[in-house]
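Shown next: query25.tsv, given as TSV, C-alpha atoms.
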```tsv
chain	number	residue	atom	x	y	z
A	827	MET	CA	147.26	-66.77	114.87
A	828	LEU	CA	145.77	-64.35	117.30
A	829	SER	CA	147.77	-63.57	120.37
A	830	ILE	CA	145.28	-62.89	123.11
A	831	PRO	CA	146.67	-61.94	126.48
A	832	GLN	CA	145.41	-64.49	128.93
A	833	PRO	CA	144.80	-63.66	132.55
A	834	GLN	CA	146.94	-65.53	135.00
A	835	ARG	CA	145.31	-68.20	137.04
A	836	GLN	CA	145.99	-68.05	140.72
A	837	ASP	CA	148.42	-70.86	140.28
A	838	GLY	CA	150.15	-69.00	137.48
A	839	SER	CA	148.45	-70.73	134.54
A	840	THR	CA	146.17	-68.97	132.06
A	841	VAL	CA	142.46	-69.27	131.35
A	842	ALA	CA	141.84	-71.73	128.59
A	843	ASP	CA	139.49	-71.08	125.69
A	844	ALA	CA	137.61	-74.22	126.57
A	845	ASP	CA	136.89	-72.80	130.01
A	846	LEU	CA	135.53	-69.62	128.46
A	847	ALA	CA	133.39	-71.56	126.04
A	848	ALA	CA	132.02	-73.62	128.91
A	849	LEU	CA	131.39	-70.42	130.79
A	850	LEU	CA	129.41	-68.95	127.96
A	851	ALA	CA	127.49	-72.15	127.55
A	852	GLY	CA	126.61	-72.14	131.25
A	853	LYS	CA	128.28	-75.48	131.80
A	854	GLY	CA	130.01	-74.45	134.96
A	855	ALA	CA	133.25	-72.66	135.49
A	856	ALA	CA	136.67	-73.36	136.83
A	857	ALA	CA	137.42	-71.98	140.24
A	858	GLU	CA	139.37	-69.03	138.90
A	859	LEU	CA	136.49	-68.07	136.65
A	860	ARG	CA	133.79	-68.15	139.27
A	861	PRO	CA	133.74	-64.38	139.68
A	862	VAL	CA	133.09	-64.09	135.94
A	863	ALA	CA	130.45	-66.74	136.18
A	864	ASP	CA	128.82	-64.77	138.95
A	865	ILE	CA	128.84	-61.69	136.75
A	866	LEU	CA	127.16	-63.56	133.95
A	867	ALA	CA	124.64	-65.02	136.34
A	868	ALA	CA	123.84	-61.54	137.61
A	869	LEU	CA	123.23	-60.45	134.03
A	870	THR	CA	120.55	-63.11	133.71
A	871	ALA	CA	119.05	-62.68	137.15
A	872	GLU	CA	115.35	-62.45	137.76
A	873	ALA	CA	113.65	-59.35	136.50
A	874	THR	CA	113.35	-56.47	138.88
A	875	ALA	CA	110.18	-54.48	139.40
A	876	GLY	CA	111.65	-51.59	137.49
A	877	GLU	CA	112.26	-53.75	134.47
A	878	LEU	CA	108.60	-54.74	134.37
A	879	ALA	CA	107.28	-51.24	134.91
A	880	GLY	CA	106.49	-50.74	131.27
A	881	GLU	CA	104.03	-53.62	131.08
A	882	ALA	CA	100.91	-51.46	131.06
A	883	ARG	CA	102.30	-49.36	128.24
A	884	ALA	CA	103.18	-52.43	126.21
A	885	ARG	CA	99.74	-53.95	126.74
A	886	ALA	CA	98.08	-50.74	125.69
A	887	GLU	CA	100.20	-50.74	122.55
A	888	TYR	CA	99.18	-54.32	121.91
A	889	ARG	CA	95.51	-53.43	122.19
A	890	ARG	CA	96.00	-50.60	119.71
A	891	ARG	CA	97.76	-52.82	117.20
A	892	PRO	CA	96.38	-52.76	113.69
A	893	ILE	CA	93.97	-55.56	113.06
A	894	VAL	CA	95.03	-57.44	110.00
A	895	PRO	CA	91.94	-58.83	108.32
A	896	GLN	CA	92.10	-62.54	107.79
A	897	PRO	CA	91.73	-63.53	104.16
A	898	ARG	CA	88.30	-65.01	103.53
A	899	ARG	CA	88.24	-68.36	101.85
A	900	HIS	CA	85.42	-67.56	99.49
A	901	ALA	CA	86.36	-64.00	98.88
A	902	ARG	CA	88.62	-64.80	95.99
A	903	ARG	CA	87.68	-62.95	92.90
A	904	GLY	CA	88.67	-63.49	89.39
A	905	PRO	CA	89.23	-60.73	86.90
A	906	ALA	CA	86.38	-58.30	86.68
A	907	VAL	CA	83.77	-59.42	84.15
A	908	PRO	CA	81.50	-56.70	82.79
A	909	ALA	CA	77.78	-57.12	82.99
A	910	PRO	CA	75.99	-58.53	79.93
A	911	TRP	CA	74.34	-55.21	79.12
A	912	LEU	CA	77.72	-53.52	79.20
A	913	ARG	CA	79.20	-56.12	76.93
A	914	ALA	CA	76.36	-55.58	74.45
A	915	ARG	CA	76.98	-51.86	74.48
A	916	VAL	CA	80.66	-52.29	73.93
A	917	ALA	CA	80.01	-54.68	71.05
A	918	ALA	CA	77.52	-52.26	69.48
A	919	ALA	CA	79.95	-49.37	69.80
A	920	ALA	CA	82.72	-51.42	68.23
A	921	GLY	CA	80.46	-52.46	65.36
A	922	LEU	CA	79.36	-48.89	64.77
A	923	ALA	CA	82.95	-47.72	64.73
A	924	VAL	CA	83.87	-50.34	62.16
A	925	PHE	CA	80.84	-49.44	60.02
A	926	LEU	CA	81.58	-45.72	60.08
A	927	GLY	CA	85.20	-46.35	59.29
A	928	GLY	CA	84.20	-48.44	56.30
A	929	VAL	CA	81.78	-45.83	55.07
A	930	ALA	CA	84.40	-43.13	55.37
A	931	THR	CA	86.90	-45.24	53.49
A	932	ALA	CA	84.38	-45.94	50.77
A	933	ALA	CA	83.49	-42.26	50.61
A	934	TYR	CA	87.07	-41.24	50.03
A	935	ALA	CA	87.36	-44.00	47.46
A	936	ASP	CA	84.33	-42.48	45.77
A	937	VAL	CA	82.50	-45.74	45.42
A	938	LEU	CA	79.35	-44.88	47.31
A	939	PRO	CA	76.00	-44.29	45.72
A	940	ALA	CA	75.59	-40.72	44.58
A	941	PRO	CA	73.33	-39.44	47.39
A	942	ILE	CA	75.53	-40.90	50.06
A	943	GLN	CA	78.64	-39.72	48.29
A	944	ARG	CA	77.26	-36.19	48.16
A	945	PHE	CA	76.44	-36.37	51.82
A	946	ALA	CA	79.98	-37.55	52.51
A	947	HIS	CA	81.27	-34.73	50.38
A	948	ASP	CA	79.35	-32.19	52.41
A	949	THR	CA	80.18	-33.63	55.81
A	950	ILE	CA	83.67	-35.05	55.70
A	951	GLY	CA	85.05	-33.57	52.53
A	952	ALA	CA	84.99	-36.74	50.48
A	953	PRO	CA	85.02	-36.40	46.69
A	954	ASP	CA	81.79	-35.23	45.23
A	955	ALA	CA	79.43	-37.47	43.38
A	956	PRO	CA	79.55	-37.16	39.58
A	957	ALA	CA	75.79	-36.86	39.29
A	958	ARG	CA	75.97	-33.36	40.71
A	959	HIS	CA	77.33	-32.07	37.42
A	960	PRO	CA	74.56	-31.55	34.96
A	961	ALA	CA	76.97	-32.00	32.08
A	962	ALA	CA	77.23	-35.67	32.80
A	963	PRO	CA	74.30	-36.65	30.57
A	964	ALA	CA	75.83	-34.65	27.80
A	965	ARG	CA	78.84	-36.87	27.89
A	966	ARG	CA	76.68	-39.84	27.31
A	967	LEU	CA	75.36	-38.19	24.23
A	968	VAL	CA	78.75	-37.92	22.72
A	969	ALA	CA	79.43	-40.51	20.20
A	970	PRO	CA	82.81	-42.10	20.43
A	971	GLY	CA	83.85	-40.94	17.06
A	972	GLN	CA	82.74	-37.38	17.48
A	973	SER	CA	84.97	-36.71	20.34
A	974	ALA	CA	87.98	-36.85	18.11
A	975	GLU	CA	86.45	-34.64	15.53
A	976	THR	CA	85.05	-31.86	17.62
A	977	GLY	CA	86.94	-31.90	20.83
A	978	GLY	CA	90.13	-33.27	19.49
A	979	PRO	CA	92.77	-33.71	22.08
A	980	ALA	CA	90.74	-31.75	24.58
A	981	GLY	CA	87.84	-34.11	24.44
A	982	GLN	CA	90.07	-37.08	24.76
A	983	GLN	CA	91.86	-35.60	27.63
A	984	HIS	CA	88.82	-34.72	29.64
A	985	SER	CA	87.08	-37.91	28.97
A	986	GLY	CA	90.14	-39.74	30.13
A	987	THR	CA	90.44	-38.03	33.44
A	988	GLY	CA	89.31	-40.07	36.36
A	989	ARG	CA	87.00	-38.97	39.05
A	990	ALA	CA	89.47	-39.51	41.73
A	991	PRO	CA	91.01	-36.38	43.19
A	992	SER	CA	94.46	-37.68	42.44
A	993	ALA	CA	93.68	-37.43	38.81
A	994	GLN	CA	92.84	-33.78	38.99
A	995	GLY	CA	96.37	-32.60	38.82
A	996	THR	CA	97.08	-34.76	35.85
A	997	HIS	CA	94.05	-33.43	34.24
A	998	ALA	CA	95.04	-29.88	34.96
A	999	ARG	CA	98.51	-30.29	33.63
A	1000	ALA	CA	97.30	-32.06	30.60
A	1001	SER	CA	94.70	-29.47	30.14
A	1002	GLY	CA	97.26	-26.75	30.29
A	1003	GLN	CA	99.49	-28.41	27.77
A	1004	GLU	CA	96.57	-28.96	25.68
A	1005	ASN	CA	95.54	-25.36	25.84
A	1006	GLN	CA	98.96	-24.19	25.03
A	1007	GLY	CA	99.33	-26.39	22.10
A	1008	SER	CA	95.89	-26.47	20.59
A	1009	GLY	CA	94.10	-23.23	20.70
A	1010	GLN	CA	92.31	-24.19	17.59
A	1011	ASP	CA	90.84	-27.18	19.20
A	1012	GLN	CA	89.57	-25.25	22.14
A	1013	GLN	CA	88.04	-22.78	19.98
A	1014	GLY	CA	86.34	-25.38	17.97
A	1015	THR	CA	85.11	-27.09	21.07
A	1016	GLY	CA	83.46	-23.96	22.34
A	1017	GLN	CA	81.66	-23.55	19.13
A	1018	GLY	CA	80.47	-27.04	19.28
A	1019	THR	CA	79.04	-26.57	22.71
A	1020	GLN	CA	77.20	-23.54	21.70
A	1021	GLY	CA	75.87	-25.31	18.76
A	1022	THR	CA	74.28	-27.94	20.94
A	1023	GLY	CA	72.35	-25.26	22.70
A	1024	GLN	CA	72.53	-27.10	26.00
A	1025	GLY	CA	73.85	-24.10	27.79
A	1026	ASN	CA	76.60	-25.92	29.56
A	1027	PRO	CA	77.60	-23.49	32.23
A	1028	HIS	CA	81.01	-24.98	32.45
A	1029	ALA	CA	81.75	-24.24	28.93
A	1030	ALA	CA	82.40	-20.72	30.01
A	1031	ALA	CA	84.79	-19.80	27.32
A	1032	PRO	CA	82.88	-18.26	24.48
A	1033	PRO	CA	83.90	-19.02	21.00
A	1034	GLY	CA	86.94	-17.14	20.16
A	1035	ASN	CA	87.74	-16.36	23.78
A	1036	PRO	CA	91.17	-14.87	23.64
A	1037	HIS	CA	92.06	-16.53	26.89
A	1038	GLN	CA	91.41	-19.99	25.76
A	1039	PRO	CA	93.48	-20.76	22.80
A	1040	GLY	CA	96.86	-21.82	23.90
A	1041	GLN	CA	97.25	-18.87	26.13
A	1042	GLN	CA	97.74	-19.85	29.67
A	1043	GLY	CA	97.64	-23.53	30.07
A	1044	ASN	CA	95.88	-22.60	33.23
A	1045	PRO	CA	95.56	-25.69	35.36
A	1046	HIS	CA	92.59	-24.27	37.20
A	1047	ILE	CA	90.47	-24.75	34.24
A	1048	GLY	CA	90.57	-28.43	34.76
A	1049	ALA	CA	91.15	-28.44	38.47
A	1050	ARG	CA	88.16	-26.38	39.38
A	1051	HIS	CA	85.82	-28.90	37.90
A	1052	PRO	CA	87.61	-32.14	37.99
A	1053	ARG	CA	84.69	-34.22	36.99
A	1054	ARG	CA	83.34	-31.88	34.41
A	1055	PRO	CA	83.03	-33.68	31.12
A	1056	ALA	CA	84.86	-32.19	28.32
A	1057	PRO	CA	82.79	-29.71	26.50
A	1058	SER	CA	82.49	-31.85	23.60
A	1059	GLY	CA	81.16	-30.58	20.46
A	1060	GLY	CA	77.55	-31.00	19.74
A	1061	PRO	CA	76.25	-33.21	17.09
B	81	MET	CA	110.42	-70.35	127.39
B	82	GLY	CA	111.20	-73.51	125.53
B	83	ASP	CA	108.25	-75.53	124.38
B	84	GLU	CA	105.79	-72.92	125.49
B	85	PHE	CA	107.03	-70.37	123.03
B	86	ALA	CA	105.25	-71.57	119.89
B	87	GLY	CA	101.87	-71.69	121.61
B	88	LEU	CA	102.34	-68.31	123.22
B	89	LEU	CA	103.38	-66.72	119.97
B	90	ALA	CA	100.41	-68.16	118.13
B	91	ALA	CA	98.06	-67.00	120.85
B	92	ALA	CA	99.56	-63.52	120.88
B	93	GLN	CA	99.25	-63.33	117.13
B	94	GLY	CA	95.64	-64.43	117.47
B	95	GLY	CA	94.81	-61.62	119.86
B	96	SER	CA	95.55	-63.03	123.31
B	97	GLU	CA	96.81	-60.17	125.43
B	98	ALA	CA	97.78	-62.58	128.20
B	99	ALA	CA	100.04	-64.49	125.83
B	100	PHE	CA	101.60	-61.29	124.63
B	101	THR	CA	102.21	-60.25	128.21
B	102	ARG	CA	104.04	-63.49	128.87
B	103	LEU	CA	106.27	-62.87	125.91
B	104	TRP	CA	106.88	-59.30	127.01
B	105	ARG	CA	107.75	-60.26	130.59
B	106	ASP	CA	110.17	-62.83	129.36
B	107	ALA	CA	112.02	-60.57	126.93
B	108	ASN	CA	111.77	-57.03	128.26
B	109	PRO	CA	114.23	-57.34	131.19
B	110	ALA	CA	116.92	-58.74	128.90
B	111	LEU	CA	116.17	-56.03	126.40
B	112	LEU	CA	116.61	-53.31	129.01
B	113	ARG	CA	119.89	-54.77	130.24
B	114	TYR	CA	121.26	-54.86	126.74
B	115	LEU	CA	120.12	-51.31	126.09
B	116	ARG	CA	121.66	-50.04	129.29
B	117	VAL	CA	125.02	-50.92	127.82
B	118	ILE	CA	124.60	-49.73	124.24
B	119	ALA	CA	122.30	-46.75	124.92
B	120	PRO	CA	122.63	-45.80	128.57
B	121	GLY	CA	120.02	-43.37	129.77
B	122	ALA	CA	117.64	-44.09	126.91
B	123	GLU	CA	116.91	-47.74	127.50
B	124	GLU	CA	113.32	-47.24	128.59
B	125	ASP	CA	112.37	-45.16	125.58
B	126	ILE	CA	114.14	-47.39	123.12
B	127	ALA	CA	112.58	-50.49	124.63
B	128	ALA	CA	109.14	-48.92	124.32
B	129	GLU	CA	109.79	-47.99	120.69
B	130	THR	CA	111.00	-51.51	120.06
B	131	TRP	CA	107.81	-53.01	121.40
B	132	VAL	CA	105.70	-50.66	119.34
B	133	GLN	CA	107.43	-51.91	116.25
B	134	VAL	CA	107.24	-55.51	117.36
B	135	VAL	CA	103.52	-55.27	118.05
B	136	ARG	CA	102.94	-53.84	114.60
B	137	GLY	CA	104.81	-56.68	112.96
B	138	LEU	CA	103.69	-59.41	115.31
B	139	SER	CA	101.08	-60.98	113.06
B	140	ALA	CA	103.58	-61.36	110.24
B	141	PHE	CA	106.38	-62.84	112.34
B	142	ARG	CA	107.36	-66.43	111.61
B	143	GLY	CA	110.10	-68.24	113.47
B	144	ASP	CA	111.18	-69.99	116.61
B	145	GLU	CA	112.24	-68.53	119.93
B	146	GLN	CA	115.77	-67.90	118.72
B	147	ALA	CA	114.44	-65.94	115.75
B	148	TRP	CA	112.02	-64.10	118.00
B	149	ARG	CA	114.78	-62.91	120.28
B	150	ALA	CA	117.00	-62.06	117.35
B	151	TRP	CA	114.18	-59.94	115.93
B	152	LEU	CA	113.64	-58.15	119.22
B	153	PHE	CA	117.28	-57.32	119.77
B	154	THR	CA	117.89	-56.39	116.17
B	155	THR	CA	115.00	-53.96	116.34
B	156	ALA	CA	116.24	-52.53	119.61
B	157	ARG	CA	119.76	-52.14	118.28
B	158	ARG	CA	118.53	-50.25	115.24
B	159	ARG	CA	116.50	-47.94	117.42
B	160	ALA	CA	119.57	-47.31	119.54
B	161	ILE	CA	121.67	-46.54	116.49
B	162	ASP	CA	119.00	-44.14	115.25
B	163	LEU	CA	118.97	-42.40	118.60
B	164	ALA	CA	122.75	-42.10	118.62
B	165	ARG	CA	122.65	-40.51	115.19
B	166	ARG	CA	119.99	-38.03	116.25
B	167	ARG	CA	122.01	-37.11	119.30
B	168	ALA	CA	125.13	-36.75	117.20
B	169	ARG	CA	123.34	-34.22	115.02
B	170	ARG	CA	121.90	-32.38	117.99
B	171	PRO	CA	123.98	-33.11	121.05
B	172	GLU	CA	121.95	-32.54	124.17
B	173	ALA	CA	123.91	-34.18	126.92
B	174	PRO	CA	127.47	-35.46	127.26
B	175	LEU	CA	126.57	-39.10	126.81
B	176	ASP	CA	130.11	-40.31	127.44
B	177	ASP	CA	130.10	-38.76	130.87
B	178	VAL	CA	126.95	-40.63	131.73
B	179	THR	CA	128.45	-43.85	130.52
B	180	MET	CA	131.69	-43.41	132.33
B	181	ALA	CA	129.89	-42.58	135.53
B	182	LEU	CA	128.52	-46.08	135.54
B	183	LEU	CA	131.88	-47.72	135.03
B	184	PRO	CA	134.18	-48.93	137.78
B	185	ARG	CA	137.20	-46.73	137.14
B	186	THR	CA	139.33	-47.90	140.00
B	187	GLY	CA	140.01	-51.13	141.68
B	188	ASP	CA	138.01	-50.03	144.64
B	189	SER	CA	134.92	-49.37	142.58
B	190	ALA	CA	135.28	-52.69	140.79
B	191	GLU	CA	135.67	-54.44	144.08
B	192	ALA	CA	132.65	-52.69	145.43
B	193	ALA	CA	130.67	-53.68	142.42
B	194	ILE	CA	131.61	-57.30	142.76
B	195	GLU	CA	131.03	-57.37	146.48
B	196	ASN	CA	127.56	-55.98	145.94
B	197	LEU	CA	127.08	-58.06	142.95
B	198	GLY	CA	123.81	-57.41	141.47
B	199	THR	CA	122.45	-57.00	138.00
B	200	ALA	CA	123.20	-53.29	137.85
B	201	ALA	CA	126.77	-53.82	138.99
B	202	ALA	CA	127.30	-56.62	136.51
B	203	ILE	CA	125.99	-54.39	133.73
B	204	ALA	CA	128.33	-51.66	134.85
B	205	LEU	CA	131.26	-54.06	134.70
B	206	VAL	CA	130.36	-55.25	131.23
B	207	SER	CA	129.92	-51.65	130.12
B	208	GLY	CA	133.61	-51.14	130.87
B	209	LEU	CA	134.55	-53.54	128.11
B	210	PRO	CA	135.17	-52.42	124.56
B	211	ARG	CA	131.85	-51.96	122.79
B	212	LEU	CA	132.02	-55.06	120.60
B	213	GLN	CA	133.07	-57.31	123.45
B	214	ALA	CA	130.36	-55.97	125.73
B	215	GLU	CA	127.70	-56.33	123.06
B	216	VAL	CA	128.73	-59.86	122.19
B	217	ILE	CA	128.68	-60.99	125.81
B	218	LEU	CA	125.27	-59.44	126.42
B	219	LEU	CA	123.76	-60.90	123.29
B	220	ARG	CA	125.20	-64.32	124.01
B	221	VAL	CA	124.41	-64.38	127.72
B	222	VAL	CA	121.47	-62.04	128.25
B	223	ALA	CA	119.64	-62.42	124.97
B	224	GLY	CA	120.51	-66.08	124.73
B	225	LEU	CA	121.50	-65.93	121.08
B	226	ASP	CA	123.94	-68.35	119.54
B	227	THR	CA	127.13	-67.28	117.84
B	228	GLU	CA	125.67	-67.28	114.35
B	229	SER	CA	122.70	-65.16	115.32
B	230	VAL	CA	124.94	-62.66	117.07
B	231	ALA	CA	127.19	-62.53	114.03
B	232	ARG	CA	124.24	-61.75	111.78
B	233	LEU	CA	122.91	-59.15	114.16
B	234	LEU	CA	126.23	-57.36	114.43
B	235	GLY	CA	127.29	-57.84	110.85
B	236	LYS	CA	130.40	-59.74	111.88
B	237	SER	CA	131.75	-63.16	111.13
B	238	PRO	CA	131.11	-65.94	113.64
B	239	GLY	CA	134.84	-66.15	114.21
B	240	ALA	CA	135.02	-62.47	115.09
B	241	VAL	CA	132.14	-62.95	117.49
B	242	ARG	CA	133.88	-65.85	119.23
B	243	VAL	CA	137.10	-63.89	119.55
B	244	ALA	CA	135.27	-60.89	120.94
B	245	ALA	CA	133.43	-63.05	123.44
B	246	HIS	CA	136.59	-64.72	124.68
B	247	ARG	CA	138.44	-61.43	124.94
B	248	GLY	CA	135.59	-59.92	126.87
B	249	LEU	CA	135.43	-62.79	129.31
B	250	ARG	CA	139.18	-62.69	129.82
B	251	ARG	CA	138.95	-59.00	130.48
B	252	LEU	CA	136.25	-59.58	133.08
B	253	ALA	CA	138.43	-62.24	134.64
B	254	GLU	CA	141.33	-59.80	134.76
B	255	ILE	CA	139.17	-57.27	136.51
B	256	THR	CA	138.17	-59.72	139.19
B	257	VAL	CA	141.77	-60.92	139.62
B	258	ASP	CA	143.04	-57.36	139.80
B	259	ALA	CA	140.42	-56.59	142.40
B	260	GLY	CA	141.73	-59.56	144.42
B	261	VAL	CA	138.35	-61.10	144.67
B	262	THR	CA	138.32	-64.71	145.64
B	263	LEU	CA	135.03	-66.50	145.67
```
Take the structure in the file and give it back as structure tokens.
Amino acid sequence: MLSIPQPQRQDGSTVADADLAALLAGKGAAAELRPVADILAALTAEATAGELAGEARARAEYRRRPIVPQPRRHARRGPAVPAPWLRARVAAAAGLAVFLGGVATAAYADVLPAPIQRFAHDTIGAPDAPARHPAAPARRLVAPGQSAETGGPAGQQHSGTGRAPSAQGTHARASGQENQGSGQDQQGTGQGTQGTGQGNPHAAAPPGNPHQPGQQGNPHIGARHPRRPAPSGGP
Amino acid sequence: MGDEFAGLLAAAQGGSEAAFTRLWRDANPALLRYLRVIAPGAEEDIAAETWVQVVRGLSAFRGDEQAWRAWLFTTARRRAIDLARRRARRPEAPLDDVTMALLPRTGDSAEAAIENLGTAAAIALVSGLPRLQAEVILLRVVAGLDTESVARLLGKSPGAVRVAAHRGLRRLAEITVDAGVTL
């Protein structure tokens, strides 16, 4: 409990809290509190001229106040909608992007027609078209049975390599193994090519080339021309 | 202002300078009297700064007369606190001396103040109270705020505000008794 020193009334009693509350509420004051009531009344007296001297300054500030624009009833806007011509352009651009992406994918999958595939090969580095190699028709001339006779394992290996770039390494490795292990076959293959007289430029190894038979197993032989048909022996 | 307040506020918010002037005339004297106690010597400047801020936020204000006055005095008090901090960093004048010069230090001066009781003398008497008691009495009596509003403004509990008010009034009563004033 708070112990507040209470001023003595003139008759020796103290000021009661109720009297103070009444004083604050402006409900009149006991006789001993009249001086305090007068003080409070003086605090709330009429304004003096000095206290109203700043009116002009306040009014000027009021006139300079920022004008807050009132919200217009019909000014509400929804989300921005592009114009029809812009939408058409965006749709066309999106369609073109999808088309080009599909073409590029097809080019790298090597499933495009030969002219387009060659164009893709020249422009974006897609695999080349098989028709570029003039030896391709020669492969069609090879009878299934002759491949085993003339080319032996080499012919089988080359004919089995795919056109996809991923198959090149396999081809090269196989080719190398093949060269290491079957110099005779290579030699025989070269002779067969010469015998056809088709002048296959890729059949660079002359008959009896000391580099060919089982010497290196050089993977570049196959890798340099991944789609080159095996120099099969001629008929 | 009573029932007039809502209409005056709406008119002032709508651009009526006359309505704003009525509001200003009603509140500015009380504002200055409060500031004379908590920021003596700077009351005019702080009051002007307060009105600048009030004018800027006038259109967004929502509330009754009690809230209006609480807003005014809260703004003024913050400006006064800011000024005190600036002066504390760069003291320019012995503020305490100015304050004490206004206070009745002896019984004779208190008696003289009461005998010539006017607003300035009453403010000088209240200024002699401890800061919290003086502020509570001014906000309750001059600003016309209720206990809860004063508590929020000062960051005190309503109970602490009541205690401070009663202590301040008792102290004022002691001063008048000590001065031997009988009215």
- Message: Need to verify the contact set: Ala245 of chain B, 8 Å, only C-alpha atoms, exclusion of same-chain residues closer than 2 positions in sequence. Can you return it as a ChimeraX atom specification?
- Response: /B:213,216-217,241-243,247-249
Each chain B residue no farther than 8 Å from chain A, nearest pair in Å, all atoms listed in the file, as a tab-separated table:
```
residue	atom	partner	partner_atom	distance
B:Glu97	CA	A:Arg885	CA	7.0
B:Phe100	CA	A:Arg885	CA	7.9
B:Thr101	CA	A:Arg885	CA	6.9
B:Trp104	CA	A:Glu881	CA	7.5
B:Arg105	CA	A:Leu878	CA	6.7
B:Asn108	CA	A:Glu877	CA	7.0
B:Pro109	CA	A:Glu877	CA	5.2
B:Ala110	CA	A:Thr870	CA	7.4
B:Leu112	CA	A:Glu877	CA	7.0
B:Arg113	CA	A:Leu869	CA	7.6
B:Ala128	CA	A:Ala884	CA	7.2
B:Trp131	CA	A:Ala884	CA	6.7
B:Val132	CA	A:Glu887	CA	6.4
B:Val135	CA	A:Tyr888	CA	5.9
B:Arg136	CA	A:Arg891	CA	5.9
B:Ser139	CA	A:Val894	CA	7.6
B:Ile194	CA	A:Ile865	CA	7.9
B:Leu197	CA	A:Ala868	CA	7.2
B:Gly198	CA	A:Ala868	CA	5.7
B:Thr199	CA	A:Ala868	CA	4.8
B:Ala202	CA	A:Ile865	CA	5.3
B:Ile203	CA	A:Leu869	CA	6.7
B:Leu218	CA	A:Leu869	CA	7.9
B:Arg220	CA	A:Leu850	CA	7.4
B:Val221	CA	A:Leu850	CA	6.8
B:Val222	CA	A:Thr870	CA	5.6
B:His246	CA	A:Leu846	CA	6.3
B:Arg247	CA	A:Ile830	CA	7.2
B:Leu249	CA	A:Leu846	CA	6.9
B:Arg250	CA	A:Pro833	CA	6.3
B:Arg251	CA	A:Pro833	CA	7.8
B:Leu252	CA	A:Val862	CA	6.2
B:Ala253	CA	A:Val862	CA	5.8
B:Glu254	CA	A:Pro833	CA	5.6
B:Thr256	CA	A:Pro861	CA	6.4
B:Val261	CA	A:Pro861	CA	7.5
B:Thr262	CA	A:Pro861	CA	7.5
B:Leu263	CA	A:Pro861	CA	6.5
```
- 10 Å contact set for segment 144-160 of chain B, all atoms listed in the file, chain neighbours under 5 positions out, as number ranges by chain: B: 81-86, 89, 103, 107-108, 110-112, 114-115, 118-120, 122-123, 125-131, 133-134, 138, 165-166, 219, 223-226, 229-230, 232-234
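Between atom CA of Val117 of chain B and atom CA of Arg169 of chain B lies a distance of 21.1 Å.
If you look at atom CA of Arg116 of chain B and atom CA of Ala231 of chain B, they are 20.5 Å away from each other.
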Could you check which residues have any atom within 8 Å of (100.3, -65.0, 115.9), counting all atoms listed in the file with coordinates taken straight from the file, and then list them as a CSV table (one decimal) with C-alpha atoms, in the frame of the given file?
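Just written: selection_7.csv:
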```
chain,number,residue,atom,x,y,z
B,89,LEU,CA,103.4,-66.7,120.0
B,90,ALA,CA,100.4,-68.2,118.1
B,91,ALA,CA,98.1,-67.0,120.8
B,92,ALA,CA,99.6,-63.5,120.9
B,93,GLN,CA,99.2,-63.3,117.1
B,94,GLY,CA,95.6,-64.4,117.5
B,95,GLY,CA,94.8,-61.6,119.9
B,138,LEU,CA,103.7,-59.4,115.3
B,139,SER,CA,101.1,-61.0,113.1
B,140,ALA,CA,103.6,-61.4,110.2
B,141,PHE,CA,106.4,-62.8,112.3
```
